[in-house]
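Student: If it helps, the file is called entry_30.tsv and holds TSV, C-alpha atoms:
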```tsv
chain	number	residue	atom	x	y	z
S	1	MET	CA	-23.65	-35.72	-21.48
S	2	ALA	CA	-20.41	-37.23	-20.19
S	3	THR	CA	-18.02	-34.84	-18.50
S	4	SER	CA	-14.33	-35.12	-17.78
S	5	VAL	CA	-11.52	-33.07	-16.29
S	6	THR	CA	-7.75	-32.97	-16.45
S	7	PRO	CA	-5.85	-32.76	-13.14
S	8	VAL	CA	-3.40	-29.83	-13.10
S	9	PRO	CA	-0.18	-30.07	-11.07
S	10	LEU	CA	0.23	-27.22	-8.63
S	11	ALA	CA	3.51	-26.28	-10.34
S	12	ASN	CA	1.50	-25.52	-13.51
S	13	PHE	CA	-0.97	-23.18	-11.80
S	14	ASN	CA	0.32	-19.98	-13.43
S	15	GLU	CA	0.34	-21.53	-16.88
S	16	GLU	CA	-3.21	-22.91	-16.59
S	17	PHE	CA	-4.99	-20.43	-14.32
S	18	GLY	CA	-2.71	-17.44	-13.74
S	19	SER	CA	-4.37	-15.17	-16.31
S	20	LEU	CA	-7.95	-16.22	-15.47
S	21	ILE	CA	-10.43	-14.56	-13.11
S	22	GLU	CA	-11.32	-16.11	-9.77
S	23	LEU	CA	-15.07	-15.93	-10.32
S	24	SER	CA	-16.00	-17.48	-6.96
S	25	SER	CA	-14.14	-14.97	-4.80
S	26	ASN	CA	-16.16	-12.87	-2.37
S	27	ALA	CA	-13.84	-10.00	-3.32
S	28	LEU	CA	-15.60	-10.10	-6.69
S	29	GLY	CA	-19.03	-10.23	-5.06
S	30	ALA	CA	-19.58	-14.00	-5.10
S	31	SER	CA	-21.83	-15.31	-2.35
S	32	ILE	CA	-23.41	-18.44	-0.93
S	33	HIS	CA	-26.89	-19.00	-2.34
S	34	SER	CA	-27.77	-22.03	-0.21
S	35	VAL	CA	-26.14	-25.00	1.49
S	36	SER	CA	-27.28	-28.44	2.69
S	37	ASP	CA	-25.40	-28.33	6.01
S	38	GLU	CA	-22.69	-26.20	7.66
S	39	PHE	CA	-22.85	-27.49	11.22
S	40	PHE	CA	-19.12	-27.31	11.95
S	41	ALA	CA	-17.91	-24.52	9.64
S	42	GLU	CA	-19.72	-22.02	7.41
S	43	ALA	CA	-19.74	-22.42	3.65
S	44	SER	CA	-18.99	-18.72	3.20
S	45	ASN	CA	-15.39	-19.47	4.16
S	46	LEU	CA	-14.99	-21.24	0.81
S	47	LEU	CA	-15.07	-17.91	-1.00
S	48	LYS	CA	-12.39	-16.04	0.93
S	49	PRO	CA	-9.52	-14.93	-1.34
S	50	SER	CA	-6.89	-15.61	1.33
S	51	PRO	CA	-5.50	-19.11	1.92
S	52	ALA	CA	-7.21	-21.18	4.60
S	53	ILE	CA	-5.50	-20.90	7.98
S	54	SER	CA	-4.98	-23.64	10.55
S	55	MET	CA	-7.20	-23.39	13.65
S	56	LYS	CA	-5.83	-26.56	15.22
S	57	GLY	CA	-6.65	-26.81	18.91
S	58	GLN	CA	-9.47	-24.25	18.80
S	59	PHE	CA	-13.01	-25.32	19.63
S	60	GLY	CA	-16.46	-23.76	19.54
S	61	PRO	CA	-19.91	-24.89	20.71
S	62	ASN	CA	-20.19	-27.44	17.87
S	63	GLY	CA	-16.65	-28.79	18.01
S	64	ALA	CA	-13.30	-28.12	16.38
S	65	LEU	CA	-13.03	-24.88	14.39
S	66	PHE	CA	-11.95	-24.85	10.74
S	67	ASP	CA	-11.39	-22.07	8.24
S	68	GLY	CA	-13.52	-23.72	5.56
S	69	TRP	CA	-16.84	-25.49	5.05
S	70	GLU	CA	-17.57	-28.60	7.13
S	71	SER	CA	-20.81	-30.52	7.42
S	72	ARG	CA	-21.92	-32.94	10.12
S	73	ARG	CA	-21.66	-36.70	9.65
S	74	HIS	CA	-24.18	-39.23	8.32
S	75	GLN	CA	-26.94	-36.77	7.37
S	76	HIS	CA	-27.43	-37.01	3.61
S	77	ASP	CA	-26.51	-39.02	0.55
S	78	HIS	CA	-24.19	-36.10	-0.10
S	79	ASP	CA	-23.75	-32.48	0.94
S	80	TRP	CA	-23.84	-29.53	-1.44
S	81	VAL	CA	-23.38	-25.78	-1.61
S	82	ILE	CA	-24.61	-23.41	-4.33
S	83	VAL	CA	-22.36	-20.44	-5.09
S	84	LYS	CA	-23.56	-17.35	-6.94
S	85	LEU	CA	-20.61	-16.24	-9.04
S	86	GLY	CA	-19.26	-12.71	-8.72
S	87	ALA	CA	-19.85	-11.90	-12.40
S	88	PRO	CA	-23.42	-11.60	-13.70
S	89	LEU	CA	-22.51	-14.12	-16.41
S	90	ALA	CA	-19.34	-16.18	-16.66
S	91	ASP	CA	-17.57	-19.04	-18.42
S	92	VAL	CA	-15.82	-21.37	-15.95
S	93	VAL	CA	-12.91	-23.39	-17.33
S	94	GLY	CA	-11.51	-25.00	-14.17
S	95	VAL	CA	-11.59	-25.20	-10.38
S	96	ASP	CA	-9.44	-25.64	-7.29
S	97	ILE	CA	-11.05	-27.71	-4.53
S	98	ASP	CA	-8.65	-27.13	-1.65
S	99	THR	CA	-9.03	-29.38	1.40
S	100	ALA	CA	-6.49	-27.32	3.36
S	101	ASN	CA	-6.26	-28.34	7.04
S	102	PHE	CA	-8.92	-31.04	6.66
S	103	ASN	CA	-7.17	-34.32	7.36
S	104	GLY	CA	-9.37	-37.28	8.31
S	105	ASN	CA	-12.45	-35.15	7.84
S	106	GLU	CA	-11.91	-33.94	4.25
S	107	SER	CA	-14.47	-34.51	1.53
S	108	PRO	CA	-13.57	-37.92	0.03
S	109	ALA	CA	-14.92	-36.92	-3.39
S	110	SER	CA	-16.67	-33.99	-5.06
S	111	ASP	CA	-18.29	-32.98	-8.30
S	112	VAL	CA	-19.14	-29.57	-9.77
S	113	TRP	CA	-22.27	-28.41	-11.59
S	114	GLY	CA	-23.22	-25.19	-13.37
S	115	VAL	CA	-26.41	-23.38	-14.31
S	116	ARG	CA	-27.49	-20.17	-15.97
S	117	TRP	CA	-30.36	-19.03	-13.80
S	118	ASP	CA	-32.47	-16.13	-15.01
S	119	GLY	CA	-35.53	-16.84	-12.87
S	120	PRO	CA	-36.34	-15.79	-9.30
S	121	THR	CA	-33.34	-16.52	-7.09
S	122	GLU	CA	-35.38	-18.30	-4.44
S	123	LYS	CA	-36.62	-20.81	-7.03
S	124	LEU	CA	-33.14	-22.24	-7.66
S	125	THR	CA	-32.54	-25.42	-5.65
S	126	ALA	CA	-29.96	-28.19	-5.58
S	127	LYS	CA	-32.47	-30.41	-7.44
S	128	SER	CA	-33.39	-27.94	-10.19
S	129	PRO	CA	-33.32	-29.87	-13.49
S	130	GLU	CA	-31.35	-27.11	-15.24
S	131	TRP	CA	-28.06	-28.05	-13.55
S	132	ARG	CA	-25.36	-29.42	-15.89
S	133	GLN	CA	-22.46	-31.45	-14.56
S	134	LEU	CA	-19.11	-29.76	-15.27
S	135	MET	CA	-16.89	-32.22	-13.37
S	136	PRO	CA	-17.74	-35.83	-12.49
S	137	ILE	CA	-17.45	-37.18	-8.95
S	138	THR	CA	-13.68	-37.13	-8.42
S	139	PRO	CA	-11.65	-38.42	-5.45
S	140	LEU	CA	-9.95	-35.85	-3.21
S	141	GLY	CA	-7.13	-36.18	-0.70
S	142	PRO	CA	-6.47	-34.62	2.70
S	143	SER	CA	-5.18	-31.09	3.24
S	144	SER	CA	-4.12	-30.19	-0.29
S	145	PRO	CA	-5.24	-28.20	-3.34
S	146	HIS	CA	-6.89	-30.12	-6.17
S	147	LEU	CA	-6.71	-28.29	-9.51
S	148	PHE	CA	-8.87	-29.48	-12.39
S	149	ARG	CA	-9.25	-28.12	-15.92
S	150	PHE	CA	-12.59	-28.87	-17.56
S	151	THR	CA	-12.39	-30.66	-20.90
S	152	THR	CA	-15.32	-28.50	-21.98
S	153	PRO	CA	-15.78	-25.00	-20.48
S	154	SER	CA	-19.07	-24.34	-18.76
S	155	GLY	CA	-20.42	-21.80	-21.22
S	156	PRO	CA	-22.56	-18.94	-19.83
S	157	ILE	CA	-23.52	-19.65	-16.20
S	158	THR	CA	-24.47	-17.68	-13.10
S	159	HIS	CA	-24.12	-20.30	-10.34
S	160	VAL	CA	-22.04	-23.36	-9.52
S	161	LYS	CA	-22.86	-26.25	-7.22
S	162	LEU	CA	-20.08	-28.02	-5.32
S	163	THR	CA	-20.77	-31.35	-3.61
S	164	MET	CA	-19.13	-33.52	-0.97
S	165	HIS	CA	-19.66	-37.30	-1.21
S	166	PRO	CA	-20.85	-38.14	1.34
S	167	ASP	CA	-19.83	-35.30	3.71
S	168	GLY	CA	-16.75	-33.70	5.29
S	169	GLY	CA	-14.82	-30.49	4.83
S	170	ILE	CA	-13.25	-28.26	2.18
S	171	GLY	CA	-11.10	-25.22	2.93
S	172	ARG	CA	-11.45	-23.15	-0.23
S	173	PHE	CA	-13.27	-23.43	-3.55
S	174	ARG	CA	-12.02	-21.40	-6.49
S	175	ALA	CA	-13.73	-21.32	-9.88
S	176	TYR	CA	-11.56	-19.85	-12.64
S	177	GLY	CA	-12.68	-18.48	-15.98
S	178	HIS	CA	-13.85	-15.42	-17.88
S	179	VAL	CA	-16.49	-12.75	-17.47
S	180	ILE	CA	-19.06	-12.83	-20.28
S	181	LEU	CA	-20.05	-9.32	-21.24
S	182	PRO	CA	-23.67	-8.46	-22.02
S	183	GLU	CA	-24.55	-7.81	-25.62
S	184	ALA	CA	-23.76	-4.22	-26.53
S	185	THR	CA	-26.55	-1.76	-27.30
S	186	PRO	CA	-26.33	1.64	-29.04
S	187	GLU	CA	-26.44	3.23	-25.57
S	188	THR	CA	-23.65	1.11	-24.07
S	189	LEU	CA	-21.45	1.43	-27.16
S	190	SER	CA	-21.20	5.17	-26.60
S	191	ALA	CA	-21.10	5.11	-22.78
S	192	PRO	CA	-17.80	5.60	-20.90
S	193	LEU	CA	-16.55	2.62	-18.91
S	194	ASP	CA	-13.60	1.37	-16.91
S	195	LEU	CA	-11.77	-0.74	-19.48
S	196	ALA	CA	-9.48	-2.18	-16.76
S	197	TYR	CA	-12.29	-3.40	-14.47
S	198	VAL	CA	-12.61	-7.12	-13.85
S	199	LEU	CA	-16.41	-7.14	-14.20
S	200	ASN	CA	-15.99	-5.46	-17.58
S	201	GLY	CA	-13.87	-8.42	-18.64
S	202	ALA	CA	-10.36	-7.14	-17.83
S	203	ARG	CA	-7.69	-9.57	-16.66
S	204	ALA	CA	-4.30	-9.16	-15.00
S	205	ILE	CA	-2.11	-11.25	-17.30
S	206	ALA	CA	1.30	-11.11	-15.62
S	207	GLN	CA	3.42	-9.14	-13.15
S	208	SER	CA	7.06	-8.92	-12.22
S	209	ASP	CA	6.44	-9.61	-8.54
S	210	GLN	CA	3.49	-10.09	-6.18
S	211	HIS	CA	5.25	-10.93	-2.94
S	212	PHE	CA	2.76	-9.21	-0.63
S	213	GLY	CA	-0.33	-8.75	-2.83
S	214	LYS	CA	-1.56	-10.08	-6.17
S	215	GLY	CA	-1.49	-8.06	-9.36
S	216	ALA	CA	-5.07	-9.22	-10.06
S	217	ASN	CA	-6.26	-7.23	-7.02
S	218	LEU	CA	-5.74	-4.01	-9.00
S	219	ILE	CA	-8.87	-4.58	-11.09
S	220	LEU	CA	-11.24	-5.69	-8.30
S	221	PRO	CA	-14.42	-3.81	-7.34
S	222	GLY	CA	-14.34	-1.10	-4.70
S	223	ARG	CA	-11.31	0.18	-2.82
S	224	GLY	CA	-10.76	-2.79	-0.52
S	225	LYS	CA	-10.27	-3.06	3.22
S	226	ASP	CA	-6.48	-3.02	3.78
S	227	MET	CA	-3.12	-3.38	2.04
S	228	GLY	CA	-3.68	-7.10	1.65
S	229	ASP	CA	-6.17	-6.68	-1.18
S	230	GLY	CA	-3.94	-4.49	-3.31
S	231	TRP	CA	-0.82	-5.22	-5.37
S	232	GLU	CA	2.43	-4.95	-3.43
S	233	THR	CA	5.92	-6.05	-4.44
S	234	LYS	CA	8.85	-6.92	-2.21
S	235	ARG	CA	11.42	-4.27	-1.33
S	236	SER	CA	14.14	-3.80	-3.89
S	237	ARG	CA	17.69	-2.73	-3.17
S	238	GLY	CA	19.72	-0.32	-5.28
S	239	ARG	CA	17.00	0.39	-7.85
S	240	LEU	CA	16.02	3.94	-6.89
S	241	GLY	CA	17.02	6.34	-9.66
S	242	THR	CA	18.08	3.55	-12.03
S	243	GLY	CA	14.84	3.36	-14.02
S	244	GLU	CA	14.31	-0.23	-12.91
S	245	GLY	CA	11.06	-1.19	-11.27
S	246	ASP	CA	8.12	-3.58	-11.11
S	247	TRP	CA	5.28	-3.95	-13.58
S	248	VAL	CA	1.89	-5.52	-14.19
S	249	VAL	CA	0.17	-6.08	-17.56
S	250	ILE	CA	-3.62	-5.80	-17.73
S	251	LYS	CA	-5.60	-7.00	-20.74
S	252	LEU	CA	-8.52	-4.63	-21.12
S	253	GLY	CA	-12.04	-6.01	-21.15
S	254	GLU	CA	-12.50	-4.58	-24.64
S	255	LYS	CA	-10.30	-2.74	-27.10
S	256	GLY	CA	-10.79	0.92	-26.39
S	257	TRP	CA	-9.61	4.51	-26.00
S	258	VAL	CA	-8.23	5.33	-22.55
S	259	GLU	CA	-9.13	8.89	-21.55
S	260	TRP	CA	-8.40	8.98	-17.82
S	261	LEU	CA	-6.31	6.94	-15.39
S	262	ASP	CA	-6.99	6.53	-11.68
S	263	LEU	CA	-4.04	5.14	-9.75
S	264	ASP	CA	-5.19	4.53	-6.20
S	265	THR	CA	-2.77	4.15	-3.27
S	266	LYS	CA	-5.43	3.69	-0.60
S	267	HIS	CA	-3.91	2.08	2.55
S	268	PHE	CA	-0.38	2.37	1.13
S	269	CYS	CA	1.02	5.07	3.37
S	270	GLY	CA	4.71	4.23	3.77
S	271	ASN	CA	5.10	1.85	0.87
S	272	PHE	CA	3.56	3.56	-2.16
S	273	PRO	CA	5.79	3.82	-5.27
S	274	HIS	CA	8.34	6.60	-5.66
S	275	SER	CA	7.11	7.16	-9.23
S	276	TRP	CA	5.12	5.39	-11.92
S	277	ALA	CA	4.30	5.19	-15.61
S	278	VAL	CA	1.52	3.65	-17.70
S	279	TYR	CA	1.82	2.41	-21.29
S	280	GLY	CA	-0.69	1.08	-23.81
S	281	ILE	CA	-0.55	-1.23	-26.81
S	282	ASP	CA	-2.84	-2.78	-29.43
S	283	SER	CA	-1.79	-6.41	-29.62
S	284	GLU	CA	-3.24	-9.80	-30.48
S	285	GLU	CA	-0.84	-11.47	-28.04
S	286	LEU	CA	-2.12	-12.38	-24.59
S	287	LEU	CA	1.08	-11.01	-23.04
S	288	PRO	CA	2.88	-8.50	-25.28
S	289	PRO	CA	6.62	-8.52	-24.45
S	290	ALA	CA	8.32	-5.54	-22.83
S	291	THR	CA	10.15	-4.95	-26.13
S	292	ALA	CA	6.89	-4.51	-28.07
S	293	ASP	CA	5.63	-1.11	-29.28
S	294	TRP	CA	4.22	0.13	-25.96
S	295	GLU	CA	3.21	3.80	-26.10
S	296	PRO	CA	3.11	6.12	-23.06
S	297	LEU	CA	-0.19	7.06	-21.48
S	298	LEU	CA	1.47	8.54	-18.38
S	299	LEU	CA	5.13	9.24	-17.68
S	300	PRO	CA	6.96	10.05	-14.43
S	301	SER	CA	7.12	13.75	-13.63
S	302	PRO	CA	6.76	16.08	-10.64
S	303	GLU	CA	3.09	16.51	-11.62
S	304	THR	CA	2.40	12.77	-11.60
S	305	LYS	CA	4.34	11.89	-8.44
S	306	PRO	CA	2.51	9.40	-6.19
S	307	ALA	CA	1.28	10.28	-2.70
S	308	ALA	CA	0.00	8.19	0.20
S	309	HIS	CA	-3.49	6.77	0.58
S	310	ARG	CA	-5.43	8.56	-2.15
S	311	HIS	CA	-6.83	8.56	-5.67
S	312	HIS	CA	-4.60	10.02	-8.40
S	313	PHE	CA	-6.52	11.09	-11.50
S	314	PHE	CA	-4.57	11.80	-14.71
S	315	ARG	CA	-5.68	12.50	-18.25
S	316	ALA	CA	-4.04	9.85	-20.41
S	317	SER	CA	-1.87	10.90	-23.32
S	318	LYS	CA	-3.86	10.70	-26.53
S	319	LEU	CA	-2.92	7.85	-28.85
S	320	SER	CA	-3.77	7.53	-32.54
S	321	HIS	CA	-5.48	4.17	-32.09
S	322	PRO	CA	-7.43	2.15	-29.51
S	323	ILE	CA	-5.54	-0.30	-27.31
S	324	THR	CA	-6.01	-3.80	-25.89
S	325	HIS	CA	-3.55	-3.78	-22.96
S	326	ILE	CA	-2.03	-1.42	-20.43
S	327	ARG	CA	1.26	-1.89	-18.61
S	328	VAL	CA	1.64	-0.20	-15.22
S	329	ASN	CA	5.24	0.36	-14.12
S	330	ILE	CA	6.14	1.35	-10.57
S	331	TYR	CA	9.59	2.60	-9.55
S	332	PRO	CA	11.45	1.18	-7.77
S	333	ASP	CA	8.80	-0.97	-6.01
S	334	GLY	CA	5.85	-0.58	-3.67
S	335	GLY	CA	2.11	-1.00	-3.55
S	336	LEU	CA	-1.03	0.09	-5.39
S	337	LYS	CA	-4.65	-0.57	-4.42
S	338	ARG	CA	-6.51	-0.16	-7.73
S	339	VAL	CA	-5.94	0.86	-11.34
S	340	ARG	CA	-8.79	2.29	-13.40
S	341	ALA	CA	-8.62	3.06	-17.13
S	342	ILE	CA	-11.69	5.13	-17.97
S	343	GLY	CA	-12.58	5.61	-21.60
S	344	PHE	CA	-14.65	4.40	-24.53
S	345	ARG	CA	-14.95	1.28	-26.64
S	346	ALA	CA	-13.01	1.20	-29.89
S	347	ALA	CA	-16.09	2.00	-31.99
S	348	ALA	CA	-16.66	5.32	-30.19
S	349	LYS	CA	-13.69	7.20	-31.70
S	350	GLU	CA	-15.78	10.34	-32.21
S	351	LEU	CA	-16.14	10.68	-28.40
S	352	VAL	CA	-12.40	10.70	-27.68
S	353	GLY	CA	-11.46	13.88	-25.81
S	354	THR	CA	-14.96	14.60	-24.55
S	355	LEU	CA	-14.86	12.81	-21.20
S	356	GLU	CA	-14.74	14.95	-18.07
S	357	SER	CA	-12.58	13.88	-15.15
S	358	PRO	CA	-14.03	10.80	-13.41
S	359	GLU	CA	-13.20	12.34	-10.04
S	360	THR	CA	-16.51	12.76	-8.20
S	361	THR	CA	-17.89	14.47	-5.16
S	362	GLU	CA	-18.49	11.00	-3.71
S	363	ASP	CA	-14.76	10.25	-3.99
S	364	ARG	CA	-13.88	13.45	-2.18
S	365	VAL	CA	-16.45	12.79	0.55
S	366	GLU	CA	-15.22	9.21	0.99
S	367	ASP	CA	-11.61	10.27	1.30
S	368	GLY	CA	-12.51	13.20	3.53
S	369	LEU	CA	-14.38	10.95	5.94
S	370	GLU	CA	-11.41	8.59	6.02
S	371	GLN	CA	-9.12	11.51	6.81
S	372	VAL	CA	-11.33	12.62	9.70
S	373	LYS	CA	-11.48	9.06	11.04
S	374	GLU	CA	-7.70	8.69	10.84
S	375	LYS	CA	-7.17	12.02	12.59
S	376	GLU	CA	-9.48	10.96	15.39
S	377	GLU	CA	-7.59	7.67	15.74
S	378	SER	CA	-4.33	9.63	15.76
S	379	ILE	CA	-5.54	11.91	18.56
S	380	GLU	CA	-6.64	8.85	20.54
S	381	GLY	CA	-3.19	7.36	19.96
S	382	GLU	CA	-1.51	10.50	21.30
S	383	LYS	CA	-3.63	10.26	24.44
S	384	LYS	CA	-2.30	6.74	24.92
S	385	GLY	CA	1.27	7.79	24.35
S	386	GLY	CA	1.46	6.75	20.70
S	387	SER	CA	3.31	8.54	17.92
S	388	GLY	CA	0.20	10.35	16.74
S	389	LYS	CA	1.27	10.14	13.09
S	390	TRP	CA	-1.41	10.31	10.43
S	391	TRP	CA	-1.41	10.62	6.68
S	392	ARG	CA	-2.90	13.63	4.96
S	393	LEU	CA	-4.67	12.56	1.79
S	394	GLY	CA	-3.84	15.71	-0.11
S	395	SER	CA	-6.17	18.15	-1.78
S	396	LYS	CA	-8.19	17.12	-4.76
```
With the file now loaded, output its structure as structure tokens.
Tutor:
Amino acid sequence: MATSVTPVPLANFNEEFGSLIELSSNALGASIHSVSDEFFAEASNLLKPSPAISMKGQFGPNGALFDGWESRRHQHDHDWVIVKLGAPLADVVGVDIDTANFNGNESPASDVWGVRWDGPTEKLTAKSPEWRQLMPITPLGPSSPHLFRFTTPSGPITHVKLTMHPDGGIGRFRAYGHVILPEATPETLSAPLDLAYVLNGARAIAQSDQHFGKGANLILPGRGKDMGDGWETKRSRGRLGTGEGDWVVIKLGEKGWVEWLDLDTKHFCGNFPHSWAVYGIDSEELLPPATADWEPLLLPSPETKPAAHRHHFFRASKLSHPITHIRVNIYPDGGLKRVRAIGFRAAAKELVGTLESPETTEDRVEDGLEQVKEKEESIEGEKKGGSGKWWRLGSK
């Protein structure tokens, strides 16, 4: 079947891809399944969420170093890499093949293939007949992003194959699309879930500002490694006490009843928000406007005041109907690591009000171990003449 793509200007990125999920990011759990050759630079670099950095002038045993994937010359008809997507099942609608920093050694052309693979992982190869071409062989240029929207989305797939014709280098590969949820069963319909979790289908639709960290980071798995994989806005001036702040809108994976909220400030120790609020709405619009009928799930108060580097669990205000979106407001600015909206699917109305706090012993142990580690680092810093400051996580 013939395939085609539409090139997307970089200026139109937000319009075309801004509300989609980066399914090939290692932050989502994507990984390299196999690769034809990575003599100069490892294919795993393709999946890093951060932009590729220049390593000009740096050399290793095999030659010049690059923050990307680079194969050796003259080895194959073409090189290839197979990427296992971060979602168990996904629909890819477009890609970015970024040749950042590869100039004179970039891939001259690439194509993209997809497959839904339910068999043994080791049986999937670059020549498996199940592969379907999603993008034809398309010319690429040096050191620049190349955004393409598929004329026809991939449909349900688990892996993508990226090629280089005949060889060369690519800095980053980003596959954008949607998580496909498994078919619901009677057990899953009544089970609690995080409605704002990316692997449950949630998407960060828009935000007021993401100067230091993307709004989409809020719905990622885990609690991350540093401030860089949270959402952080630039410093405001003159907002404190005015009611003005920053915001992010998250479309829930499914319409549902939000019972508990977890607002996590992990790693944000001197730049967490002064206060916050969360609102919900049932809307058919992808991005409900700020003037729509948003209803409060959590309002600013002394009891809900943020603290540094910790989980904050709150029971959400009970609404009379299930919702499709939440809007997280922070005042006047600052950073958040993750947002969780724990509850039930819309069909499970009879379970509303029955969910215990999602705070677990594991959470307390994890935070407690972090606190001990930070205290030890603080003591070591004092020995070396440092300030010795450390951040108490607060009692649970």
Student: Once 4 Å is added on each side, what centre and edge lengths in Å to one decimal does the axis-aligned box around all listed atoms of stretch 6-14 of chain S have, as AutoDock Vina command-line options?
Tutor:
```
--center_x -2.1 --center_y -26.5 --center_z -12.5 --size_x 19.3 --size_y 21.0 --size_z 15.8
```
Student: Extract, using all atoms listed in the file, all DNA, RNA and protein residues at most 12 Å from S:Val198, discarding same-chain residues fewer than 5 positions from it, and format them as a count of residues only.
Tutor: 37
Student: Find, counting only C-alpha atoms, the residue in S:Leu319, S:Val248, S:Ala64, S:Leu147 that gets nearest to S:Tyr176.
Tutor: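 The answer is S:Leu147, which sits nearest to S:Tyr176.
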Student: Using all atoms listed in the file, pick whichever of S:Asp67, S:Trp276, S:Asp96, S:Thr324 has the shortest atom-to-atom distance to S:Gly201.
Tutor: S:Thr324
Student: So the first atom is atom CA of S:Phe173 and the second is atom CA of S:Asn14; what is the distance between them in Å, to one decimal place?
Tutor: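 That distance, rounded to one decimal, is 17.2 Å.
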Student: For atom CA of S:Trp69 and atom CA of S:Phe148, determine how far apart the two atoms are, in Å to one decimal place.
Tutor: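 Going from atom CA of S:Trp69 over to atom CA of S:Phe148 covers 19.6 Å.
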